[in-house]
Structures are given as C-alpha cells and as structure tokens.
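Colleague: File entry21.cif below, mmCIF, C-alpha atoms:
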data_structure
loop_
_atom_site.label_atom_id
_atom_site.label_comp_id
_atom_site.auth_asym_id
_atom_site.auth_seq_id
_atom_site.Cartn_x
_atom_site.Cartn_y
_atom_site.Cartn_z
CA MET P 7 12.37 22.87 24.50
CA ASN P 8 15.78 22.13 22.92
CA ILE P 9 16.56 19.55 20.23
CA ALA P 10 17.77 16.97 22.76
CA SER P 11 14.58 16.94 24.82
CA HIS P 12 12.45 17.06 21.64
CA SER P 13 14.42 14.09 20.32
CA LEU P 14 13.58 12.16 23.45
CA SER P 15 9.88 13.02 23.35
CA LEU P 16 9.68 12.11 19.65
CA GLY P 17 11.61 8.86 20.16
CA LEU P 18 14.44 9.73 17.75
CA ASN P 19 17.32 7.25 17.74
CA LEU P 20 20.68 7.30 16.01
CA VAL P 21 21.70 3.79 14.92
CA ASP P 22 24.97 3.28 13.06
CA GLY P 23 24.88 6.86 11.77
CA CYS P 24 21.27 6.55 10.63
CA LEU P 25 18.54 8.58 12.32
CA ILE P 26 15.40 6.57 12.98
CA ALA P 27 12.50 9.00 13.31
CA PRO P 28 9.08 7.58 14.19
CA ALA P 29 6.30 9.90 13.00
CA PRO P 30 3.63 10.75 15.62
CA SER P 31 0.91 8.09 15.60
CA ASP P 32 -2.03 10.55 15.65
CA PRO P 33 -0.57 13.36 13.60
CA ASP P 34 -2.13 16.77 13.20
CA ASP P 35 -0.65 19.80 11.42
CA ASP P 36 1.08 21.22 14.50
CA LEU P 37 2.55 17.92 15.64
CA LEU P 38 3.92 17.12 12.19
CA HIS P 39 5.37 20.62 11.77
CA GLN P 40 7.12 20.12 15.11
CA PHE P 41 8.36 16.67 14.01
CA LYS P 42 9.69 18.14 10.73
CA GLU P 43 11.51 20.93 12.53
CA VAL P 44 13.16 18.67 15.09
CA VAL P 45 14.26 16.04 12.55
CA VAL P 46 15.68 18.61 10.11
CA LYS P 47 17.49 20.52 12.88
CA LYS P 48 18.97 17.32 14.29
CA ALA P 49 20.09 16.11 10.84
CA TYR P 50 21.76 19.48 10.25
CA ALA P 51 23.33 19.82 13.71
CA GLU P 52 24.78 16.30 13.70
CA SER P 53 25.61 16.09 9.96
CA ILE P 54 23.42 13.01 9.58
CA ARG P 55 23.51 11.43 6.13
CA ARG P 56 20.72 8.85 6.41
CA VAL P 57 17.24 9.16 7.88
CA VAL P 58 14.45 6.61 8.16
CA ILE P 59 11.01 8.12 8.82
CA ASP P 60 8.88 5.38 10.34
CA VAL P 61 5.16 5.91 9.67
CA SER P 62 4.10 2.40 10.71
CA SER P 63 2.05 3.69 13.66
CA VAL P 64 0.22 6.25 11.49
CA GLN P 65 -3.19 4.92 10.43
CA ILE P 66 -4.74 8.17 9.22
CA LEU P 67 -2.88 10.71 7.12
CA ASP P 68 -4.87 13.41 5.34
CA SER P 69 -3.57 15.47 2.43
CA VAL P 70 -2.35 18.36 4.60
CA CYS P 71 -0.37 16.05 6.88
CA PHE P 72 1.08 14.22 3.86
CA LYS P 73 2.20 17.57 2.46
CA ILE P 74 4.10 18.31 5.68
CA LEU P 75 5.75 14.89 5.51
CA VAL P 76 6.83 15.57 1.92
CA GLU P 77 8.21 18.97 3.01
CA CYS P 78 10.28 17.20 5.67
CA VAL P 79 11.70 14.75 3.09
CA LYS P 80 12.50 17.60 0.67
CA MET P 81 14.24 19.67 3.34
CA LEU P 82 16.36 16.69 4.38
CA SER P 83 17.23 15.98 0.73
CA LEU P 84 18.45 19.56 0.36
CA LEU P 85 20.79 18.90 3.28
CA GLY P 86 22.22 15.93 1.36
CA VAL P 87 20.42 13.37 3.48
CA ASN P 88 19.15 10.12 1.98
CA VAL P 89 15.63 9.54 3.31
CA VAL P 90 13.46 6.43 3.24
CA VAL P 91 9.90 6.43 4.60
CA VAL P 92 8.97 3.02 5.98
CA GLY P 93 5.79 1.31 7.11
CA PHE P 94 2.95 2.98 5.20
CA GLN P 95 -0.24 1.25 6.36
CA PRO P 96 -2.85 -0.04 3.86
CA GLY P 97 -5.44 2.57 4.89
CA VAL P 98 -2.92 5.39 4.44
CA VAL P 99 -1.77 4.06 1.07
CA SER P 100 -5.37 3.74 -0.17
CA ALA P 101 -6.19 7.27 0.97
CA LEU P 102 -3.06 8.72 -0.65
CA VAL P 103 -3.98 7.02 -3.93
CA ASP P 104 -7.53 8.44 -3.65
CA PHE P 105 -6.08 11.87 -2.93
CA ASP P 106 -3.94 11.37 -6.05
CA VAL P 107 -0.92 12.88 -4.31
CA LYS P 108 2.46 13.25 -5.98
CA ILE P 109 4.77 10.63 -4.50
CA ASP P 110 7.88 11.27 -6.62
CA ASP P 111 9.72 12.83 -3.68
CA ILE P 112 9.21 9.81 -1.42
CA VAL P 113 11.32 6.65 -1.37
CA GLY P 114 9.29 4.05 0.49
CA ALA P 115 10.03 0.65 2.00
CA ARG P 116 7.73 -1.78 3.77
CA THR P 117 9.72 -2.45 6.93
CA LEU P 118 12.44 -0.75 8.93
CA GLU P 119 14.88 -3.50 7.92
CA ASP P 120 14.09 -3.01 4.20
CA GLY P 121 14.51 0.74 4.69
CA LEU P 122 17.93 0.37 6.30
CA ASP P 123 19.04 -2.03 3.53
CA LEU P 124 17.84 0.47 0.93
CA LEU P 125 19.76 3.31 2.59
CA ARG P 126 22.94 1.19 2.74
CA SER P 127 22.64 0.43 -0.97
CA MET P 128 22.08 4.16 -1.65
CA THR P 129 25.19 5.25 0.24
CA SER P 130 27.70 2.35 -0.14
CA PRO P 131 29.77 1.65 -3.27
CA GLU P 132 29.12 -1.63 -5.11
CA PRO P 133 31.28 -4.39 -3.58
CA SER P 134 33.80 -6.02 -5.99
CA GLU P 135 34.48 -9.74 -6.35
CA ASP P 136 36.76 -11.67 -3.96
CA ASP P 137 38.27 -9.14 -1.60
CA PRO P 138 36.45 -5.87 -2.10
CA GLU P 139 38.76 -3.84 0.14
CA GLU P 140 41.92 -5.02 -1.63
CA ASN P 141 40.40 -4.63 -5.09
CA ARG P 142 39.26 -1.11 -4.29
CA ASN P 143 42.79 -0.19 -3.17
CA GLU P 144 44.25 -1.71 -6.31
CA SER P 145 41.84 0.10 -8.56
CA GLU P 146 42.51 3.35 -6.72
CA GLU P 147 46.26 2.81 -7.29
CA GLU P 148 45.64 2.08 -10.97
CA ILE P 149 43.64 5.26 -11.33
CA GLY P 150 46.41 7.17 -9.54
CA THR P 151 49.08 5.75 -11.89
CA LEU P 152 47.01 6.48 -14.97
CA ALA P 153 46.37 10.02 -13.77
CA ALA P 154 50.10 10.53 -13.17
CA LYS P 155 50.94 9.24 -16.70
CA GLU P 156 48.34 11.52 -18.24
CA GLY P 157 49.77 14.39 -16.21
CA GLU P 158 53.28 13.67 -17.51
CA LYS P 159 52.01 13.59 -21.09
CA LEU P 160 50.32 16.92 -20.66
CA MET P 161 53.31 18.45 -18.90
CA SER P 162 55.63 17.35 -21.73
CA GLY P 163 53.77 19.71 -24.04
CA LEU P 164 54.19 22.68 -21.74
CA PRO P 165 57.12 25.07 -22.14
CA ALA P 166 59.95 24.70 -19.65
CA GLU P 167 60.33 27.33 -16.96
CA GLY P 168 61.76 30.49 -18.42
CA ASP P 169 61.25 29.18 -21.96
CA ASP P 170 59.16 31.64 -23.93
CA GLY P 171 59.10 29.47 -27.02
CA ASP P 172 56.04 28.06 -28.77
CA TYR P 173 53.49 26.39 -26.60
CA ARG P 174 51.75 23.48 -28.25
CA ILE P 175 49.45 20.94 -26.76
CA PRO P 176 50.77 17.34 -27.01
CA VAL P 177 48.48 16.19 -29.83
CA ASN P 178 49.78 18.95 -32.12
CA GLN P 179 53.39 17.89 -31.53
CA GLN P 180 52.86 14.86 -33.74
CA GLU P 181 51.87 16.97 -36.72
CA PRO P 182 54.62 17.56 -39.30
CA MET X 10 -34.13 9.25 0.19
CA LYS X 11 -34.82 8.75 3.89
CA TYR X 12 -32.36 6.94 6.09
CA HIS X 13 -32.85 5.48 9.49
CA ILE X 14 -30.21 6.85 11.88
CA GLU X 15 -28.91 4.07 14.10
CA GLU X 16 -26.24 6.06 15.91
CA GLU X 17 -25.07 9.66 15.88
CA GLU X 18 -22.18 11.57 17.36
CA ARG X 19 -21.71 15.35 17.18
CA ILE X 20 -18.39 17.10 17.75
CA GLU X 21 -17.74 20.82 17.70
CA LEU X 22 -14.82 21.88 15.57
CA SER X 23 -12.64 24.78 16.58
CA THR X 24 -9.05 23.51 16.95
CA GLY X 25 -6.85 20.74 15.58
CA THR X 26 -7.55 18.70 18.72
CA ASP X 27 -11.25 18.60 17.79
CA ASN X 28 -10.21 17.16 14.44
CA VAL X 29 -8.35 14.36 16.22
CA LEU X 30 -11.49 13.65 18.28
CA ALA X 31 -13.64 13.58 15.14
CA VAL X 32 -11.24 11.21 13.40
CA SER X 33 -11.14 8.89 16.38
CA ALA X 34 -14.96 8.90 16.73
CA ALA X 35 -15.37 8.24 13.00
CA ARG X 36 -13.10 5.23 13.16
CA HIS X 37 -14.84 3.91 16.24
CA LEU X 38 -18.29 4.23 14.65
CA ALA X 39 -17.14 2.66 11.38
CA LYS X 40 -15.61 -0.24 13.30
CA GLY X 41 -18.84 -0.75 15.25
CA ALA X 42 -20.79 -0.85 11.98
CA ALA X 43 -18.48 -3.65 10.75
CA PHE X 44 -16.64 -1.77 8.00
CA ASP X 45 -13.39 -3.58 7.20
CA GLU X 46 -10.24 -2.14 8.74
CA THR X 47 -8.86 -0.38 5.65
CA THR X 48 -12.26 1.23 4.98
CA GLN X 49 -12.44 2.39 8.61
CA TYR X 50 -9.19 4.30 8.08
CA LEU X 51 -10.31 5.62 4.68
CA ILE X 52 -13.54 6.95 6.21
CA ALA X 53 -11.57 8.49 9.09
CA THR X 54 -9.24 10.14 6.56
CA ALA X 55 -12.21 11.62 4.66
CA VAL X 56 -13.65 12.93 7.95
CA SER X 57 -10.26 14.43 8.79
CA GLU X 58 -10.14 16.18 5.42
CA LEU X 59 -13.63 17.69 5.79
CA ALA X 60 -13.14 18.64 9.45
CA THR X 61 -9.75 20.23 8.71
CA ASN X 62 -11.36 22.30 5.93
CA ALA X 63 -14.09 23.52 8.31
CA ILE X 64 -11.47 24.55 10.89
CA ARG X 65 -9.03 26.01 8.38
CA TYR X 66 -11.35 27.84 5.98
CA GLY X 67 -14.73 27.91 7.72
CA GLY X 68 -13.53 29.28 11.06
CA GLY X 69 -14.78 26.15 12.85
CA GLY X 70 -18.13 24.41 12.90
CA GLU X 71 -19.56 21.03 13.71
CA VAL X 72 -19.17 17.48 12.48
CA ARG X 73 -22.02 14.97 12.73
CA LEU X 74 -21.13 11.34 12.31
CA ARG X 75 -23.90 8.81 11.76
CA ILE X 76 -24.42 5.14 11.16
CA ILE X 77 -27.38 4.98 8.82
CA ARG X 78 -29.54 2.21 7.43
CA HIS X 79 -31.48 2.12 4.17
CA ASN X 80 -33.48 -1.07 3.55
CA SER X 81 -30.92 -3.74 4.43
CA GLU X 82 -27.87 -1.59 3.73
CA THR X 83 -25.71 -0.07 6.44
CA GLY X 84 -23.73 3.07 5.79
CA PHE X 85 -21.60 5.76 7.37
CA GLU X 86 -22.59 9.40 6.96
CA VAL X 87 -20.50 12.43 7.78
CA GLU X 88 -22.01 15.91 7.76
CA VAL X 89 -19.72 18.87 8.33
CA LEU X 90 -21.15 22.36 8.81
CA ASP X 91 -19.37 25.67 9.13
CA SER X 92 -20.51 29.27 9.06
CA GLY X 93 -17.51 30.59 7.14
CA PRO X 94 -17.54 32.66 3.95
CA GLY X 95 -18.52 29.70 1.75
CA ILE X 96 -16.65 28.37 -1.27
CA GLN X 97 -16.60 30.98 -4.03
CA ASP X 98 -15.99 28.70 -7.01
CA ILE X 99 -17.15 25.20 -6.16
CA ASP X 100 -16.37 23.83 -9.64
CA ALA X 101 -12.76 24.96 -9.33
CA VAL X 102 -12.43 23.45 -5.84
CA MET X 103 -13.67 20.10 -7.12
CA GLN X 104 -11.08 20.12 -9.88
CA GLU X 105 -7.84 18.21 -9.35
CA ASN X 106 -4.91 20.10 -7.85
CA TYR X 107 -6.86 23.18 -6.87
CA SER X 108 -6.05 24.79 -3.57
CA THR X 109 -6.90 28.05 -1.85
CA GLY X 110 -4.61 27.61 1.11
CA ASP X 111 -1.97 25.44 2.70
CA SER X 112 -3.31 22.20 1.30
CA LEU X 113 -2.38 19.92 -1.55
CA GLY X 114 -5.67 20.80 -3.22
CA GLN X 115 -6.59 17.15 -3.55
CA GLY X 116 -8.85 17.40 -0.48
CA LEU X 117 -12.42 17.45 -1.75
CA PRO X 118 -11.94 15.39 -4.93
CA GLY X 119 -10.11 12.87 -2.69
CA VAL X 120 -13.08 12.70 -0.30
CA GLN X 121 -15.37 12.20 -3.29
CA ARG X 122 -13.25 9.26 -4.44
CA ILE X 123 -13.08 7.66 -0.99
CA MET X 124 -16.82 7.93 -0.28
CA ASP X 125 -19.75 6.58 -2.35
CA GLU X 126 -21.82 9.78 -2.22
CA PHE X 127 -20.69 13.37 -1.73
CA PHE X 128 -22.64 16.64 -1.69
CA ILE X 129 -21.68 20.25 -1.02
CA ASP X 130 -24.05 23.09 -0.29
CA THR X 131 -22.27 26.40 0.04
CA SER X 132 -23.17 30.07 0.14
CA ARG X 133 -21.65 33.29 1.45
CA GLU X 134 -24.59 33.78 3.84
CA LYS X 135 -25.02 30.28 5.26
CA GLY X 136 -21.48 28.90 5.07
CA THR X 137 -20.73 25.39 3.86
CA ARG X 138 -22.39 22.04 4.46
CA CYS X 139 -20.73 18.87 3.20
CA VAL X 140 -22.35 15.44 3.36
CA ALA X 141 -20.59 12.22 2.40
CA ARG X 142 -21.75 8.62 2.68
CA LYS X 143 -20.03 5.27 2.44
CA TRP X 144 -21.98 2.01 2.22
CA ILE X 145 -20.71 -1.39 3.29
#
Give the structure from the file, written as structure tokens.
Modeller:
Amino acid sequence: MNIASHSLSLGLNLVDGCLIAPAPSDPDDDLLHQFKEVVVKKAYAESIRRVVIDVSSVQILDSVCFKILVECVKMLSLLGVNVVVVGFQPGVVSALVDFDVKIDDIVGARTLEDGLDLLRSMTSPEPSEDDPEENRNESEEEIGTLAAKEGEKLMSGLPAEGDDGDYRIPVNQQEP
Amino acid sequence: MKYHIEEEERIELSTGTDNVLAVSAARHLAKGAAFDETTQYLIATAVSELATNAIRYGGGGEVRLRIIRHNSETGFEVEVLDSGPGIQDIDAVMQENYSTGDSLGQGLPGVQRIMDEFFIDTSREKGTRCVARKWI
C-alpha cells in the first residue's frame, strides 16, 4: 500500500499546512509501527512542518505502545517538525504515570484546538504592537541599514585593491 | 486466602490480536463489576502489559480474567501463564528501567503500581505465572 492509501485508511488530514494524525483507537505494536512509518514518510515527502498526533480515541496505551509513540515524535523532531500530542485520556495518563515513563520528548495539549494554538505559537514570530506587518518591515529595514553601516566601517579598515600596505582592523586605527 | 470466583474468562495468547481481545475482555469484566471508568482502563492496561510479555518473551500462553469476591469485597484478578524460559533475574526485572527486550522496562513495576496485589512465580522448567488483583 502506498502513502496516499495509508493516509486515507489512517484518517490523516492536512489542514493549513499542519498534519492531523489520529492514532489508532485500539493500538497494538504492529498498528502503531505502521502509523509511525506512514506519518514520518508523509511529513518527509511533503515537507510538513507541524504535526498534531491525536490520541483522544486511545483508552489503553501500554508501555511498549507508548515507546513507539515517543519514537514517532522523535523521528518527526529530527525532520524539523514541531509535534504536539493531543487528547490523552485520564486512564492513559494514570497508566503512564504508574509506568513512570519519561515524557520529556512529548509536548501535550488537551484538545485539538489547544494543540493547533500551541503549534502556531511555536512556529510564528511574536506579533508587534499596532501594525505587526509594517513594524516587522521597518525593523528589517533598520537591521539592514545597521548591517550596511557596520559593513562600511569594517571595509574602511581594509586595504584598497592593489594596495599592499599595512592592514589594520578599524579599532586599531584610533591608536596613536 | 480463598476467593469466590463470580465470573471467569480465558483467552489463549499467541499473537497481538489475542492481546487486543484480552484487553477488551478485561475492560468489559471490570465495567460489569462496577469499577470506575479510569480504573477499568488502568486494569486493561495492566492486562495488556502482562499479556504482551507472555506473547513477546514467553512464546504465548493463556490469560485468565476473573471477577472475585472476598467477604464483601469485589475484585478483579488477572492470571497470565506462559511456558517460556522463565525470568532469569526476577529482582532485576522488578527494578525500575530494566528491560530485556523492546520495552521501556517499566512494564512489571508499572503493573505492580496499578494493581493492589502482584505475584510472580517463574522457573526455567515451568515458565512464568503472574497474578495481579485490584479491589474496588
């Protein structure tokens, strides 16, 4: 089966550049390995930057299945994808705490909406006051001007073309 | 201690699909015995962990799920048997973060935390027998 037909059977959806991937509701090792493979391949093939893994229909997740889920998140992270896992159910959360699993690799959110908001905040720059677009352009111009001035300063210390005289960096020029 | 068995279900374990059946049966039994919803899922997770171990390391076996009664108390009992090579170093397996295979290694200590009682009987000749109980 190719990625496209797998995507359909797994219910993967691309919304505003974000891949929504619902985890299988009765996961076993094989099913989750298949899920991991399809999601990672799709993210790679389509250069996806944001993925939400929806586990809201998963009521039972043992330690082996959780490990596969963590592997999926790690693989996506290595591809530069921001991943949020949404919808952990109370029974799953309690079990994971009892299993004392390492959750450092997982960014969680309660609902799909919270997850999407979290991903937006992870990938978008902080908006400025008033008109963010205009301010960003202005600040970019300022940075450009400053960079040009710094460049001029540096260049003034360099020897002219064909000049084989002393080369001194600008700060040293002010020394007597 | 003797328990009165109110209900019992036995499932053979040989593939991952059998594990799914065991998990589903465990949840159904726990629900019927009036365990609260979160505990039903916790019990099912513990059953999944034990059944997966039997399939993965014990070469398959059997899971017996029971609703038991002792005096006025109702409980859930899971017994998982396999005829595999047994667990060589049981103390090490019960330690945190120990794993012999493709698992996080939190399996058995996790089951012990979820359930109220947990016993393991293991030998190279007889295989492994795990019993865990959870009381309402």
Colleague: Convert the output of the PyMOL selection byres ((chain P) within 6 of (chain X)) on the shown file into explicit residues, formatted as a list in words.
Modeller: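 Selected by the PyMOL selection byres ((chain P) within 6 of (chain X)) here: Ile66, Asp68, Val70, Gly97, Ala101, Asp104 and Phe105 of chain P.
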Colleague: Could you work out how far CA of Val103 in chain P lies from CA of Lys80 in chain P, giving the answer in Å with one decimal?
Modeller: 20.1 Å
Colleague: At what distance in Å, to one decimal, does CA of Phe94 in chain P lie from CA of Val87 in chain X?
Modeller: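 Those two atoms sit 25.4 Å apart.
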Colleague: Assuming the chain letters and numbering stay as they are in my file, what does the PyMOL selection byres ((chain X and resi 73) around 9) actually select? List them as a PyMOL selection string.
Modeller: chain X and resi 17-21+31+71-72+74-75+86-90
Colleague: Report as a list in words the full result of the PyMOL selection byres ((chain P and resi 21) around 12) when it is applied to this structure.
Modeller: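 Matching residues under the PyMOL selection byres ((chain P and resi 21) around 12) are Leu18, Asn19, Leu20, Asp22, Gly23, Cys24, Leu25, Ile26, Ala27, Ile54, Arg55, Arg56, Val57, Val58, Leu118 and Leu122 of chain P.
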Colleague: Neighbouring residues of Ser53 in chain P were defined as those with any atom within 10 Å, considering only C-alpha atoms; residues of the same chain fewer than 6 positions away were excluded. Please report them as a list in words.
Modeller: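 So, after excluding close chain neighbours, the residues are Gly23, Lys47, Leu85, Gly86 and Val87 of chain P.
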Colleague: Measure the distance from CA of Lys73 in chain P to CA of Pro96 in chain P in Å and round it to one decimal.
Modeller: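 Rounded to one decimal, the two atoms are 18.4 Å apart.
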Colleague: Applying 8 Å and all atoms listed in the file, which residues near Glu82 in chain X remain after dropping the ones on its own chain fewer than 2 positions away? List them as number ranges by chain.
Modeller: X: 78-80, 84, 144-145
Colleague: Might you pull out every residue within 6 Å of Ile76 in chain X, with only C-alpha atoms counted and same-chain residues fewer than 2 positions away left off, and present them as a CSV table (one decimal) with C-alpha atoms, in the coordinates of the input?
Modeller:
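Output file part16.csv follows:
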chain,number,residue,atom,x,y,z
X,15,GLU,CA,-28.9,4.1,14.1
X,16,GLU,CA,-26.2,6.1,15.9
X,84,GLY,CA,-23.7,3.1,5.8
X,85,PHE,CA,-21.6,5.8,7.4
Colleague: Given only C-alpha atoms as the basis, pick out the residue of X:Leu30, X:Gly70, X:Asp100, X:Ser81 nearest to Arg138 in chain X.
Modeller: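 Checking each candidate against Arg138 in chain X, we get X:Gly70 as the closest.
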Colleague: Using all atoms listed in the file, which protein or nucleic acid residues come within 12 Å of Met81 in chain P? Drop anything in the same chain fewer than 2 positions from it, and give the result as an MDAnalysis selection string.
Modeller: chainID P and resid 42:47 49:50 57 74:79 83:89 111
Colleague: Around the point (-2.1, 9.2, 10.8), in the coordinates given by the file, pick out the residues reaching within 8 Å, counting only C-alpha atoms, and return them as a short mmCIF file (atom, residue, chain, number, x, y, z; two decimals) with C-alpha atoms, in the coordinates of the input.
Modeller:
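Wrote result34.cif, looks like this:
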data_model
loop_
_atom_site.label_atom_id
_atom_site.label_comp_id
_atom_site.auth_asym_id
_atom_site.auth_seq_id
_atom_site.Cartn_x
_atom_site.Cartn_y
_atom_site.Cartn_z
CA PRO P 30 3.63 10.75 15.62
CA SER P 31 0.91 8.09 15.60
CA ASP P 32 -2.03 10.55 15.65
CA PRO P 33 -0.57 13.36 13.60
CA ASP P 34 -2.13 16.77 13.20
CA SER P 63 2.05 3.69 13.66
CA VAL P 64 0.22 6.25 11.49
CA GLN P 65 -3.19 4.92 10.43
CA ILE P 66 -4.74 8.17 9.22
CA LEU P 67 -2.88 10.71 7.12
CA ASP P 68 -4.87 13.41 5.34
CA VAL P 98 -2.92 5.39 4.44
#
